[in-house]
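Data from my_file_13.cif: mmCIF, C-alpha atoms
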```
data_target
#
loop_
_atom_site.label_atom_id
_atom_site.label_comp_id
_atom_site.auth_asym_id
_atom_site.auth_seq_id
_atom_site.Cartn_x
_atom_site.Cartn_y
_atom_site.Cartn_z
CA MET M 1 -17.59 -5.19 3.60
CA ASN M 2 -18.97 -8.71 3.40
CA PHE M 3 -16.30 -11.07 2.13
CA SER M 4 -17.27 -14.41 0.67
CA SER M 5 -14.25 -16.06 2.31
CA LYS M 6 -12.81 -15.80 5.83
CA VAL M 7 -9.32 -16.61 4.52
CA LEU M 8 -9.52 -13.70 2.10
CA GLU M 9 -10.95 -11.40 4.75
CA GLU M 10 -8.10 -12.20 7.16
CA ALA M 11 -5.48 -11.37 4.50
CA VAL M 12 -7.30 -8.15 3.59
CA ASN M 13 -7.44 -7.16 7.28
CA GLN M 14 -3.69 -7.68 7.63
CA PHE M 15 -2.94 -5.37 4.71
CA ALA M 16 -5.58 -2.86 5.84
CA GLY M 17 -3.77 -2.61 9.20
CA LEU M 18 -0.77 -1.00 7.48
CA PRO M 19 -0.53 2.81 7.49
CA GLY M 20 -2.19 4.50 4.52
CA ILE M 21 -3.88 1.34 3.24
CA GLY M 22 -7.67 1.07 3.48
CA LYS M 23 -9.91 -1.96 3.00
CA ARG M 24 -10.49 -1.23 -0.67
CA THR M 25 -6.78 -0.96 -1.50
CA ALA M 26 -6.06 -4.00 0.67
CA THR M 27 -8.61 -6.04 -1.34
CA ARG M 28 -6.95 -4.94 -4.58
CA LEU M 29 -3.53 -6.01 -3.24
CA VAL M 30 -4.78 -9.41 -2.08
CA LEU M 31 -6.56 -10.10 -5.39
CA ASN M 32 -3.29 -9.24 -7.14
CA LEU M 33 -1.43 -11.73 -4.93
CA LEU M 34 -4.03 -14.42 -5.69
CA LYS M 35 -3.36 -14.12 -9.42
CA ARG M 36 0.31 -15.03 -8.89
CA PRO M 37 1.86 -18.49 -8.60
CA LYS M 38 1.52 -19.97 -5.09
CA GLU M 39 5.29 -19.97 -4.50
CA GLU M 40 5.30 -16.16 -4.55
CA LEU M 41 2.86 -16.12 -1.64
CA TYR M 42 5.22 -18.41 0.29
CA PHE M 43 8.18 -16.12 -0.52
CA PHE M 44 6.20 -13.15 0.78
CA ALA M 45 5.23 -15.02 3.96
CA ASP M 46 8.85 -16.12 4.49
CA ALA M 47 10.12 -12.55 4.07
CA LEU M 48 7.76 -11.48 6.87
CA LYS M 49 8.80 -14.37 9.13
CA SER M 50 12.41 -13.55 8.48
CA LEU M 51 11.70 -9.97 9.59
CA ALA M 52 10.47 -11.33 12.92
CA GLU M 53 13.34 -13.76 13.35
CA ASN M 54 16.43 -12.29 11.74
CA ILE M 55 16.27 -8.53 12.07
CA ARG M 56 18.88 -7.19 14.47
CA TYR M 57 19.85 -3.71 15.52
CA CYS M 58 23.49 -2.58 15.39
CA LYS M 59 24.84 -2.52 18.96
CA ILE M 60 26.65 0.75 18.32
CA CYS M 61 24.35 2.96 16.24
CA HIS M 62 21.02 1.05 16.65
CA ASN M 63 20.46 0.96 12.89
CA ILE M 64 18.81 -2.15 11.40
CA ALA M 65 21.51 -4.66 10.44
CA ASP M 66 22.07 -8.31 9.66
CA ASP M 67 25.02 -8.60 12.06
CA GLU M 68 25.81 -7.36 15.56
CA ILE M 69 27.62 -4.33 14.15
CA CYS M 70 26.36 -2.62 10.97
CA ASN M 71 28.41 -1.93 7.84
CA ILE M 72 28.91 1.72 8.68
CA CYS M 73 29.99 1.23 12.31
CA SER M 74 32.40 -1.55 11.31
CA ASN M 75 34.07 0.68 8.70
CA PRO M 76 37.30 2.00 10.31
CA SER M 77 37.98 4.59 7.60
CA ARG M 78 35.15 6.92 8.57
CA ASP M 79 35.61 10.04 10.70
CA ARG M 80 35.38 9.16 14.43
CA SER M 81 35.04 12.80 15.48
CA LEU M 82 31.63 13.25 13.80
CA LEU M 83 28.33 11.77 14.99
CA CYS M 84 25.08 12.37 13.13
CA VAL M 85 21.86 11.83 15.11
CA VAL M 86 18.90 10.68 12.96
CA GLU M 87 15.37 9.39 13.52
CA ASP M 88 15.51 6.06 11.67
CA LEU M 89 17.03 3.91 8.93
CA ARG M 90 15.44 5.94 6.12
CA ASP M 91 17.33 9.04 7.22
CA VAL M 92 20.64 7.13 7.30
CA MET M 93 19.93 5.97 3.73
CA ALA M 94 19.00 9.51 2.64
CA ILE M 95 22.19 11.02 4.11
CA GLU M 96 24.38 8.20 2.75
CA ASN M 97 22.93 8.92 -0.71
CA THR M 98 24.21 12.51 -0.56
CA ALA M 99 27.83 11.21 -0.31
CA GLN M 100 28.53 14.38 1.74
CA TYR M 101 29.00 12.77 5.14
CA LYS M 102 31.82 10.51 6.30
CA GLY M 103 31.23 10.30 10.04
CA TYR M 104 29.19 7.79 12.05
CA TYR M 105 25.49 7.71 12.88
CA HIS M 106 23.31 7.34 15.94
CA VAL M 107 19.74 6.17 15.25
CA LEU M 108 17.23 7.40 17.85
CA GLY M 109 14.49 5.00 16.72
CA GLY M 110 11.88 7.77 16.60
CA ILE M 111 11.41 11.34 17.80
CA ILE M 112 9.79 12.76 20.91
CA SER M 113 6.10 13.05 20.08
CA PRO M 114 3.69 13.62 22.99
CA ILE M 115 0.71 13.23 20.65
CA ASN M 116 1.83 9.68 19.72
CA GLY M 117 2.87 8.89 23.28
CA ILE M 118 6.59 8.72 22.50
CA GLY M 119 8.77 10.16 25.24
CA PRO M 120 12.57 10.40 25.68
CA SER M 121 12.68 7.01 27.45
CA ASP M 122 11.39 5.26 24.30
CA LEU M 123 14.39 6.48 22.29
CA ASN M 124 18.08 5.53 22.22
CA ILE M 125 19.22 8.59 24.18
CA THR M 126 21.22 7.08 27.07
CA THR M 127 23.53 5.29 24.64
CA LEU M 128 24.00 8.64 22.85
CA THR M 129 25.12 10.47 26.00
CA ASP M 130 27.35 7.49 26.90
CA LYS M 131 29.02 7.71 23.48
CA VAL M 132 29.55 11.47 23.74
CA SER M 133 30.88 11.21 27.32
CA LYS M 134 33.82 9.11 26.06
CA GLY M 135 35.29 12.30 24.58
CA GLU M 136 36.30 11.03 21.13
CA ILE M 137 33.44 12.83 19.36
CA LYS M 138 34.08 16.49 18.51
CA GLU M 139 30.77 17.37 16.84
CA VAL M 140 27.22 16.04 17.18
CA ILE M 141 25.07 16.88 14.15
CA LEU M 142 21.33 16.77 14.87
CA ALA M 143 19.70 15.74 11.56
CA LEU M 144 16.02 15.49 12.49
CA SER M 145 12.98 16.51 10.48
CA ALA M 146 12.10 20.22 10.48
CA THR M 147 8.80 19.61 12.26
CA MET M 148 7.46 20.54 15.68
CA ASP M 149 8.39 17.09 17.04
CA GLY M 150 11.83 17.30 15.42
CA ASP M 151 12.45 20.68 17.06
CA THR M 152 11.30 19.39 20.46
CA THR M 153 13.71 16.45 20.17
CA ASN M 154 16.54 18.75 18.99
CA PHE M 155 16.04 20.94 22.04
CA TYR M 156 15.86 17.96 24.43
CA LEU M 157 19.08 16.50 23.01
CA TYR M 158 20.78 19.90 23.15
CA LYS M 159 19.98 20.17 26.87
CA LYS M 160 21.32 16.64 27.48
CA LEU M 161 24.56 17.24 25.56
CA LYS M 162 25.41 20.90 26.18
CA ASP M 163 27.62 20.22 29.22
CA PHE M 164 29.92 17.86 27.34
CA PRO M 165 32.97 19.33 25.55
CA VAL M 166 31.42 18.79 22.12
CA SER M 167 30.01 21.20 19.52
CA ILE M 168 26.33 20.63 18.74
CA THR M 169 25.00 21.61 15.31
CA HIS M 170 21.80 20.99 13.43
CA ILE M 171 21.38 20.67 9.68
CA ALA M 172 20.69 23.94 7.86
CA ARG M 173 17.14 25.03 7.13
CA GLY M 174 16.58 27.25 4.14
CA ILE M 175 15.25 27.26 0.60
CA SER M 176 15.69 24.05 -1.40
CA LEU M 177 18.15 24.05 -4.29
CA GLY M 178 16.26 24.91 -7.48
CA ASP M 179 13.43 26.66 -5.61
CA GLU M 180 12.25 30.10 -6.71
CA LEU M 181 11.96 32.68 -3.94
CA GLU M 182 8.40 33.75 -4.67
CA TYR M 183 7.07 30.18 -4.20
CA THR M 184 8.92 29.53 -0.93
CA ASP M 185 6.75 29.59 2.21
CA GLU M 186 7.23 32.52 4.60
CA LEU M 187 8.59 30.49 7.52
CA THR M 188 11.30 28.83 5.43
CA LEU M 189 12.24 32.09 3.70
CA GLY M 190 12.33 33.89 7.05
CA ARG M 191 14.59 31.18 8.50
CA SER M 192 16.88 31.30 5.48
CA LEU M 193 17.36 35.07 6.01
CA LEU M 194 17.95 34.65 9.73
CA ASN M 195 20.53 31.90 9.15
CA ARG M 196 22.30 33.67 6.26
CA ILE M 197 25.82 32.41 5.63
CA PRO M 198 28.99 34.42 4.77
CA PHE M 199 29.45 34.07 1.01
CA ASP M 200 33.04 32.80 1.09
CA THR M 201 32.27 29.84 3.40
CA THR M 202 30.06 28.03 0.88
CA ILE M 203 31.51 28.91 -2.54
CA THR M 204 35.10 27.80 -2.95
CA ILE M 205 36.68 28.32 -6.37
CA LYS M 206 39.44 25.82 -6.88
CA MET Y 207 18.44 2.29 -2.46
CA ASN Y 208 21.19 0.76 -0.31
CA PHE Y 209 19.68 -1.12 2.59
CA SER Y 210 21.77 -1.90 5.65
CA SER Y 211 20.12 -5.33 5.94
CA LYS Y 212 19.34 -8.02 3.36
CA VAL Y 213 16.41 -9.28 5.44
CA LEU Y 214 14.89 -5.82 5.41
CA GLU Y 215 15.56 -5.37 1.71
CA GLU Y 216 13.82 -8.66 0.87
CA ALA Y 217 10.69 -7.64 2.81
CA VAL Y 218 10.70 -4.20 1.16
CA ASN Y 219 11.02 -5.80 -2.29
CA GLN Y 220 8.01 -8.04 -1.59
CA PHE Y 221 5.83 -5.06 -0.71
CA ALA Y 222 7.22 -2.99 -3.58
CA GLY Y 223 6.08 -5.74 -5.98
CA LEU Y 224 2.45 -4.96 -5.18
CA PRO Y 225 0.54 -2.65 -7.54
CA GLY Y 226 0.75 1.02 -6.63
CA ILE Y 227 3.43 0.56 -3.96
CA GLY Y 228 6.92 1.93 -4.62
CA LYS Y 229 10.16 1.28 -2.73
CA ARG Y 230 9.72 4.31 -0.50
CA THR Y 231 6.20 3.37 0.59
CA ALA Y 232 7.29 -0.26 0.98
CA THR Y 233 10.09 0.84 3.34
CA ARG Y 234 7.58 2.83 5.39
CA LEU Y 235 5.28 -0.22 5.64
CA VAL Y 236 8.11 -2.56 6.69
CA LEU Y 237 9.40 -0.12 9.33
CA ASN Y 238 5.85 0.08 10.67
CA LEU Y 239 5.70 -3.73 10.87
CA LEU Y 240 9.05 -3.82 12.71
CA LYS Y 241 7.69 -1.59 15.46
CA ARG Y 242 4.95 -4.13 16.25
CA PRO Y 243 5.18 -7.21 18.48
CA LYS Y 244 6.73 -10.20 16.69
CA GLU Y 245 3.51 -12.25 16.87
CA GLU Y 246 1.82 -9.80 14.52
CA LEU Y 247 4.43 -10.51 11.87
CA TYR Y 248 3.69 -14.23 12.25
CA PHE Y 249 -0.06 -13.57 11.93
CA PHE Y 250 0.60 -11.62 8.74
CA ALA Y 251 2.82 -14.38 7.34
CA ASP Y 252 0.21 -17.02 8.26
CA ALA Y 253 -2.54 -15.04 6.53
CA LEU Y 254 -0.49 -15.08 3.33
CA LYS Y 255 0.28 -18.80 3.62
CA SER Y 256 -3.37 -19.47 4.21
CA LEU Y 257 -4.16 -17.56 0.99
CA ALA Y 258 -1.91 -19.97 -0.88
CA GLU Y 259 -3.28 -23.08 0.80
CA ASN Y 260 -6.92 -22.52 1.65
CA ILE Y 261 -8.40 -20.23 -0.98
CA ARG Y 262 -10.88 -22.05 -3.21
CA TYR Y 263 -13.11 -20.94 -6.01
CA CYS Y 264 -16.83 -21.77 -5.99
CA LYS Y 265 -17.46 -24.58 -8.50
CA ILE Y 266 -20.60 -22.89 -9.76
CA CYS Y 267 -19.91 -19.13 -9.95
CA HIS Y 268 -16.05 -19.13 -9.64
CA ASN Y 269 -16.15 -16.57 -6.83
CA ILE Y 270 -13.58 -16.88 -4.04
CA ALA Y 271 -15.00 -19.08 -1.27
CA ASP Y 272 -13.99 -21.16 1.72
CA ASP Y 273 -16.04 -24.18 0.59
CA GLU Y 274 -16.70 -25.94 -2.70
CA ILE Y 275 -19.89 -23.92 -3.23
CA CYS Y 276 -20.08 -20.26 -2.11
CA ASN Y 277 -22.72 -18.77 0.19
CA ILE Y 278 -24.65 -17.20 -2.66
CA CYS Y 279 -24.78 -20.29 -4.91
CA SER Y 280 -25.81 -22.49 -1.98
CA ASN Y 281 -28.71 -20.18 -1.09
CA PRO Y 282 -31.86 -21.79 -2.60
CA SER Y 283 -34.10 -18.76 -2.04
CA ARG Y 284 -32.48 -16.63 -4.76
CA ASP Y 285 -33.90 -16.20 -8.26
CA ARG Y 286 -32.68 -19.02 -10.57
CA SER Y 287 -33.83 -17.20 -13.70
CA LEU Y 288 -31.32 -14.34 -13.30
CA LEU Y 289 -27.57 -14.56 -13.86
CA CYS Y 290 -25.30 -11.56 -13.40
CA VAL Y 291 -21.89 -11.71 -15.11
CA VAL Y 292 -19.14 -9.75 -13.29
CA GLU Y 293 -15.38 -9.35 -13.50
CA ASP Y 294 -14.33 -10.37 -9.98
CA LEU Y 295 -15.16 -10.68 -6.29
CA ARG Y 296 -15.15 -6.92 -5.73
CA ASP Y 297 -18.02 -6.47 -8.17
CA VAL Y 298 -20.05 -9.21 -6.46
CA MET Y 299 -19.52 -7.38 -3.16
CA ALA Y 300 -20.49 -4.03 -4.72
CA ILE Y 301 -23.70 -5.43 -6.22
CA GLU Y 302 -24.61 -7.32 -3.04
CA ASN Y 303 -24.24 -4.05 -1.13
CA THR Y 304 -26.94 -2.42 -3.29
CA ALA Y 305 -29.48 -5.02 -2.03
CA GLN Y 306 -31.17 -4.61 -5.46
CA TYR Y 307 -30.28 -7.99 -6.93
CA LYS Y 308 -31.57 -11.41 -5.89
CA GLY Y 309 -30.31 -13.66 -8.68
CA TYR Y 310 -27.05 -15.60 -8.97
CA TYR Y 311 -23.62 -14.52 -10.19
CA HIS Y 312 -21.01 -15.73 -12.66
CA VAL Y 313 -17.47 -14.44 -12.02
CA LEU Y 314 -15.38 -14.18 -15.20
CA GLY Y 315 -12.10 -13.76 -13.33
CA GLY Y 316 -11.06 -10.77 -15.46
CA ILE Y 317 -12.04 -9.03 -18.67
CA ILE Y 318 -10.72 -9.38 -22.20
CA SER Y 319 -7.76 -7.01 -22.42
CA PRO Y 320 -5.42 -7.41 -25.39
CA ILE Y 321 -3.00 -4.85 -23.91
CA ASN Y 322 -2.57 -7.02 -20.77
CA GLY Y 323 -2.48 -10.24 -22.80
CA ILE Y 324 -5.83 -11.51 -21.44
CA GLY Y 325 -7.92 -13.31 -24.05
CA PRO Y 326 -11.30 -15.12 -23.84
CA SER Y 327 -9.58 -18.45 -23.05
CA ASP Y 328 -8.19 -16.98 -19.78
CA LEU Y 329 -11.70 -16.28 -18.49
CA ASN Y 330 -14.54 -18.49 -17.20
CA ILE Y 331 -16.57 -18.30 -20.41
CA THR Y 332 -17.17 -21.98 -21.30
CA THR Y 333 -18.81 -22.60 -17.92
CA LEU Y 334 -21.01 -19.57 -18.60
CA THR Y 335 -22.29 -20.89 -21.94
CA ASP Y 336 -22.76 -24.35 -20.33
CA LYS Y 337 -24.90 -22.79 -17.61
CA VAL Y 338 -27.01 -20.81 -20.07
CA SER Y 339 -27.46 -23.82 -22.37
CA LYS Y 340 -29.31 -25.68 -19.60
CA GLY Y 341 -32.31 -23.38 -20.22
CA GLU Y 342 -33.18 -22.46 -16.63
CA ILE Y 343 -31.77 -18.95 -16.94
CA LYS Y 344 -34.12 -16.36 -18.49
CA GLU Y 345 -31.90 -13.28 -18.37
CA VAL Y 346 -28.13 -12.75 -18.40
CA ILE Y 347 -27.14 -9.33 -17.02
CA LEU Y 348 -23.69 -8.18 -18.13
CA ALA Y 349 -22.36 -6.02 -15.28
CA LEU Y 350 -18.85 -5.13 -16.45
CA SER Y 351 -16.99 -1.85 -16.11
CA ALA Y 352 -17.89 0.90 -18.61
CA THR Y 353 -14.41 0.85 -20.16
CA MET Y 354 -13.07 -0.13 -23.57
CA ASP Y 355 -12.10 -3.59 -22.25
CA GLY Y 356 -15.49 -3.95 -20.57
CA ASP Y 357 -17.27 -3.13 -23.83
CA THR Y 358 -15.10 -5.58 -25.77
CA THR Y 359 -15.95 -8.33 -23.28
CA ASN Y 360 -19.65 -7.40 -23.32
CA PHE Y 361 -19.68 -7.72 -27.11
CA TYR Y 362 -17.79 -11.02 -27.09
CA LEU Y 363 -20.19 -12.50 -24.53
CA TYR Y 364 -23.19 -11.20 -26.47
CA LYS Y 365 -21.97 -13.00 -29.60
CA LYS Y 366 -21.45 -16.23 -27.60
CA LEU Y 367 -24.88 -16.09 -25.96
CA LYS Y 368 -27.15 -14.56 -28.58
CA ASP Y 369 -28.28 -17.90 -30.08
CA PHE Y 370 -29.57 -19.21 -26.75
CA PRO Y 371 -33.22 -18.51 -25.78
CA VAL Y 372 -32.20 -15.99 -23.13
CA SER Y 373 -32.48 -12.21 -22.94
CA ILE Y 374 -29.14 -10.43 -22.64
CA THR Y 375 -29.00 -7.05 -20.89
CA HIS Y 376 -26.24 -4.83 -19.62
CA ILE Y 377 -26.37 -2.45 -16.65
CA ALA Y 378 -27.55 1.07 -17.50
CA ARG Y 379 -25.04 3.79 -18.26
CA GLY Y 380 -26.05 7.36 -17.55
CA ILE Y 381 -25.49 10.18 -15.12
CA SER Y 382 -24.80 9.24 -11.50
CA LEU Y 383 -27.45 9.98 -8.89
CA GLY Y 384 -26.74 13.39 -7.37
CA ASP Y 385 -24.72 14.58 -10.40
CA GLU Y 386 -25.42 17.95 -11.95
CA LEU Y 387 -25.87 17.95 -15.74
CA GLU Y 388 -23.36 20.70 -16.50
CA TYR Y 389 -20.50 18.75 -14.84
CA THR Y 390 -21.26 15.43 -16.55
CA ASP Y 391 -18.83 14.45 -19.33
CA GLU Y 392 -20.16 14.56 -22.92
CA LEU Y 393 -19.95 10.80 -23.55
CA THR Y 394 -21.94 9.87 -20.46
CA LEU Y 395 -24.51 12.59 -21.06
CA GLY Y 396 -24.83 11.55 -24.72
CA ARG Y 397 -25.33 7.93 -23.68
CA SER Y 398 -27.92 8.88 -21.07
CA LEU Y 399 -29.92 10.69 -23.78
CA LEU Y 400 -29.62 7.81 -26.23
CA ASN Y 401 -30.75 5.27 -23.58
CA ARG Y 402 -33.60 7.42 -22.22
CA ILE Y 403 -36.22 5.46 -20.32
CA PRO Y 404 -40.05 5.81 -20.38
CA PHE Y 405 -40.94 7.77 -17.26
CA ASP Y 406 -43.50 5.31 -15.87
CA THR Y 407 -41.10 2.33 -15.87
CA THR Y 408 -38.79 3.82 -13.23
CA ILE Y 409 -41.04 5.88 -10.98
CA THR Y 410 -43.83 3.85 -9.36
CA ILE Y 411 -46.09 5.66 -6.91
CA LYS Y 412 -47.50 3.21 -4.45
#
```
Can you dump the structure from the file as structure tokens?
Amino acid sequence: MNFSSKVLEEAVNQFAGLPGIGKRTATRLVLNLLKRPKEELYFFADALKSLAENIRYCKICHNIADDEICNICSNPSRDRSLLCVVEDLRDVMAIENTAQYKGYYHVLGGIISPINGIGPSDLNITTLTDKVSKGEIKEVILALSATMDGDTTNFYLYKKLKDFPVSITHIARGISLGDELEYTDELTLGRSLLNRIPFDTTITIK
Amino acid sequence: MNFSSKVLEEAVNQFAGLPGIGKRTATRLVLNLLKRPKEELYFFADALKSLAENIRYCKICHNIADDEICNICSNPSRDRSLLCVVEDLRDVMAIENTAQYKGYYHVLGGIISPINGIGPSDLNITTLTDKVSKGEIKEVILALSATMDGDTTNFYLYKKLKDFPVSITHIARGISLGDELEYTDELTLGRSLLNRIPFDTTITIK
């Protein structure tokens, strides 16, 4: 693409470097920005600078936070015996939205992915074993994506943690609520049969 | 969505304000940025600031340029008798890529769109009639999108220009090269029949 302006081209290249955004979409985004008042461009630029300067990671769970300790880790009313291991911030937000979990989190900062060159040493795993070795945690819940990389990471973490006196669980895999059986893929349906659950443990009539 | 960090939330909101990008995609983009070296965030912020400070519009054709006059308008070897009217920069780039056009451009900066509150006074139309009134231009080619808004704008411009001694054309509408007749929509096929072209004007055997 031959841009009539280097300034424009540079901005387009920055947007086109983001995942899932090509040159054509990037051009559309930049032209949209150009139609706005100049102050909005400064706000956008400041938000990015602030990302570079002010983002911190919680010292306990490694989640993104504005302070040294995040809101969840600094909340004393949560359950200290539960620790949920997740890939990143989005998963913490997703689980918090369910309102079903009251323990603490541990953010790995990624999952083991040989194809992307991410190994165990790139993740927050030593701090996880340190936490578990203190003995206060009774259950570690592995809440990673149900993908090949997620399974690899689950297995690696299981091997690291199995000698500690802690129960290790992973989130259930089965058919989604509202799904019809005939449209469920074979692997998921097979897994949901294999991991069938005694009826009286899930339905409680009060 | 409850973000664990205000800084993060602000950056996500900036991205989510762009057309076609929702909160979820915006979060993915910001997390991607956070995994990069800090300098890259500064480069991105600088590119946006530079957009606000350094972008200029060519005084002649209104295209985005780094100087007072753009590359195309300052090129004396192009054909002064032809003027192609387009919506924005992207259309100039698209037409330049065809290598079929050697005249000059006039960028309207949008098209008349009552639904988006864009009227003739928001576009570069007075400078267009000024240019045409000087008499050097022999043909004005309206190259706007084949949409309702494009047609409205075409008609408005035609009414503004029809009293000048200039021929007014619009780009041909018909079936795309490589298209099969049976898959072409009725409107396009109807138009291509209505605007049929004498055989010997398009095929020249040398």
Chain M near chain Y within 8 Å: what's each residue's closest atom pair and its distance in Å to one decimal, counting only C-alpha atoms, ordered by chain then ascending residue number, as JSON lines?
```
{"residue": "M:Met1", "atom": "CA", "partner": "Y:Met299", "partner_atom": "CA", "distance": 7.4}
{"residue": "M:Asn2", "atom": "CA", "partner": "Y:Met299", "partner_atom": "CA", "distance": 6.7}
{"residue": "M:Phe3", "atom": "CA", "partner": "Y:Met299", "partner_atom": "CA", "distance": 7.2}
{"residue": "M:Ser4", "atom": "CA", "partner": "Y:Ala271", "partner_atom": "CA", "distance": 5.5}
{"residue": "M:Ser5", "atom": "CA", "partner": "Y:Ala271", "partner_atom": "CA", "distance": 4.7}
{"residue": "M:Lys6", "atom": "CA", "partner": "Y:Asp272", "partner_atom": "CA", "distance": 6.9}
{"residue": "M:Val7", "atom": "CA", "partner": "Y:Leu257", "partner_atom": "CA", "distance": 6.3}
{"residue": "M:Leu8", "atom": "CA", "partner": "Y:Leu257", "partner_atom": "CA", "distance": 6.7}
{"residue": "M:Glu10", "atom": "CA", "partner": "Y:Ala253", "partner_atom": "CA", "distance": 6.3}
{"residue": "M:Ala11", "atom": "CA", "partner": "Y:Ala253", "partner_atom": "CA", "distance": 5.1}
{"residue": "M:Gln14", "atom": "CA", "partner": "Y:Phe250", "partner_atom": "CA", "distance": 5.9}
{"residue": "M:Leu18", "atom": "CA", "partner": "Y:Leu235", "partner_atom": "CA", "distance": 6.4}
{"residue": "M:Pro19", "atom": "CA", "partner": "Y:Leu235", "partner_atom": "CA", "distance": 6.8}
{"residue": "M:Thr27", "atom": "CA", "partner": "Y:Arg296", "partner_atom": "CA", "distance": 7.9}
{"residue": "M:Leu29", "atom": "CA", "partner": "Y:Leu224", "partner_atom": "CA", "distance": 6.4}
{"residue": "M:Asn32", "atom": "CA", "partner": "Y:Leu224", "partner_atom": "CA", "distance": 7.4}
{"residue": "M:Leu33", "atom": "CA", "partner": "Y:Leu224", "partner_atom": "CA", "distance": 7.8}
{"residue": "M:Leu34", "atom": "CA", "partner": "Y:Leu257", "partner_atom": "CA", "distance": 7.4}
{"residue": "M:Lys38", "atom": "CA", "partner": "Y:Ala258", "partner_atom": "CA", "distance": 5.4}
{"residue": "M:Leu41", "atom": "CA", "partner": "Y:Leu254", "partner_atom": "CA", "distance": 6.1}
{"residue": "M:Tyr42", "atom": "CA", "partner": "Y:Lys255", "partner_atom": "CA", "distance": 6.0}
{"residue": "M:Phe44", "atom": "CA", "partner": "Y:Gln220", "partner_atom": "CA", "distance": 5.9}
{"residue": "M:Ala45", "atom": "CA", "partner": "Y:Ala251", "partner_atom": "CA", "distance": 4.2}
{"residue": "M:Asp46", "atom": "CA", "partner": "Y:Ala251", "partner_atom": "CA", "distance": 6.9}
{"residue": "M:Ala47", "atom": "CA", "partner": "Y:Ala217", "partner_atom": "CA", "distance": 5.1}
{"residue": "M:Leu48", "atom": "CA", "partner": "Y:Ala251", "partner_atom": "CA", "distance": 5.7}
{"residue": "M:Lys49", "atom": "CA", "partner": "Y:Tyr248", "partner_atom": "CA", "distance": 6.0}
{"residue": "M:Ser50", "atom": "CA", "partner": "Y:Val213", "partner_atom": "CA", "distance": 6.6}
{"residue": "M:Leu51", "atom": "CA", "partner": "Y:Val213", "partner_atom": "CA", "distance": 6.3}
{"residue": "M:Ala52", "atom": "CA", "partner": "Y:Lys244", "partner_atom": "CA", "distance": 5.4}
{"residue": "M:Asn54", "atom": "CA", "partner": "Y:Val213", "partner_atom": "CA", "distance": 7.0}
{"residue": "M:Ile55", "atom": "CA", "partner": "Y:Val213", "partner_atom": "CA", "distance": 6.7}
{"residue": "M:Asn63", "atom": "CA", "partner": "Y:Ser210", "partner_atom": "CA", "distance": 7.9}
{"residue": "M:Ile64", "atom": "CA", "partner": "Y:Ser211", "partner_atom": "CA", "distance": 6.5}
{"residue": "M:Ala65", "atom": "CA", "partner": "Y:Ser211", "partner_atom": "CA", "distance": 4.8}
{"residue": "M:Asp66", "atom": "CA", "partner": "Y:Ser211", "partner_atom": "CA", "distance": 5.1}
{"residue": "M:Cys70", "atom": "CA", "partner": "Y:Ser210", "partner_atom": "CA", "distance": 7.1}
{"residue": "M:Asn71", "atom": "CA", "partner": "Y:Ser210", "partner_atom": "CA", "distance": 7.0}
{"residue": "M:Arg90", "atom": "CA", "partner": "Y:Thr233", "partner_atom": "CA", "distance": 7.9}
{"residue": "M:Met93", "atom": "CA", "partner": "Y:Asn208", "partner_atom": "CA", "distance": 6.7}
```
Writing out the chosen residues with C-alpha atoms as a tab-separated table (two decimals), in the frame of the given file:
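Resulting contents of out_15.tsv:
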```tsv
chain	number	residue	atom	x	y	z
M	1	MET	CA	-17.59	-5.19	3.60
M	2	ASN	CA	-18.97	-8.71	3.40
M	3	PHE	CA	-16.30	-11.07	2.13
M	4	SER	CA	-17.27	-14.41	0.67
M	5	SER	CA	-14.25	-16.06	2.31
M	6	LYS	CA	-12.81	-15.80	5.83
M	7	VAL	CA	-9.32	-16.61	4.52
M	8	LEU	CA	-9.52	-13.70	2.10
M	10	GLU	CA	-8.10	-12.20	7.16
M	11	ALA	CA	-5.48	-11.37	4.50
M	14	GLN	CA	-3.69	-7.68	7.63
M	18	LEU	CA	-0.77	-1.00	7.48
M	19	PRO	CA	-0.53	2.81	7.49
M	27	THR	CA	-8.61	-6.04	-1.34
M	29	LEU	CA	-3.53	-6.01	-3.24
M	32	ASN	CA	-3.29	-9.24	-7.14
M	33	LEU	CA	-1.43	-11.73	-4.93
M	34	LEU	CA	-4.03	-14.42	-5.69
M	38	LYS	CA	1.52	-19.97	-5.09
M	41	LEU	CA	2.86	-16.12	-1.64
M	42	TYR	CA	5.22	-18.41	0.29
M	44	PHE	CA	6.20	-13.15	0.78
M	45	ALA	CA	5.23	-15.02	3.96
M	46	ASP	CA	8.85	-16.12	4.49
M	47	ALA	CA	10.12	-12.55	4.07
M	48	LEU	CA	7.76	-11.48	6.87
M	49	LYS	CA	8.80	-14.37	9.13
M	50	SER	CA	12.41	-13.55	8.48
M	51	LEU	CA	11.70	-9.97	9.59
M	52	ALA	CA	10.47	-11.33	12.92
M	54	ASN	CA	16.43	-12.29	11.74
M	55	ILE	CA	16.27	-8.53	12.07
M	63	ASN	CA	20.46	0.96	12.89
M	64	ILE	CA	18.81	-2.15	11.40
M	65	ALA	CA	21.51	-4.66	10.44
M	66	ASP	CA	22.07	-8.31	9.66
M	70	CYS	CA	26.36	-2.62	10.97
M	71	ASN	CA	28.41	-1.93	7.84
M	90	ARG	CA	15.44	5.94	6.12
M	93	MET	CA	19.93	5.97	3.73
```
Please, what distance in Å, to one decimal, runs between CA of Val85 in chain M and CA of Gly228 in chain Y?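 So the answer is 26.7 Å.
Interatomic distance, CA of Val140 in chain M against CA of Val86 in chain M: 10.8 Å.
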Which is closer to Glu87 in chain M than all the others in M:Ser133, M:Thr169, M:Asn116, M:Asn124, using all atoms listed in the file?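 Of all the options, M:Asn124 lies closest to Glu87 in chain M.
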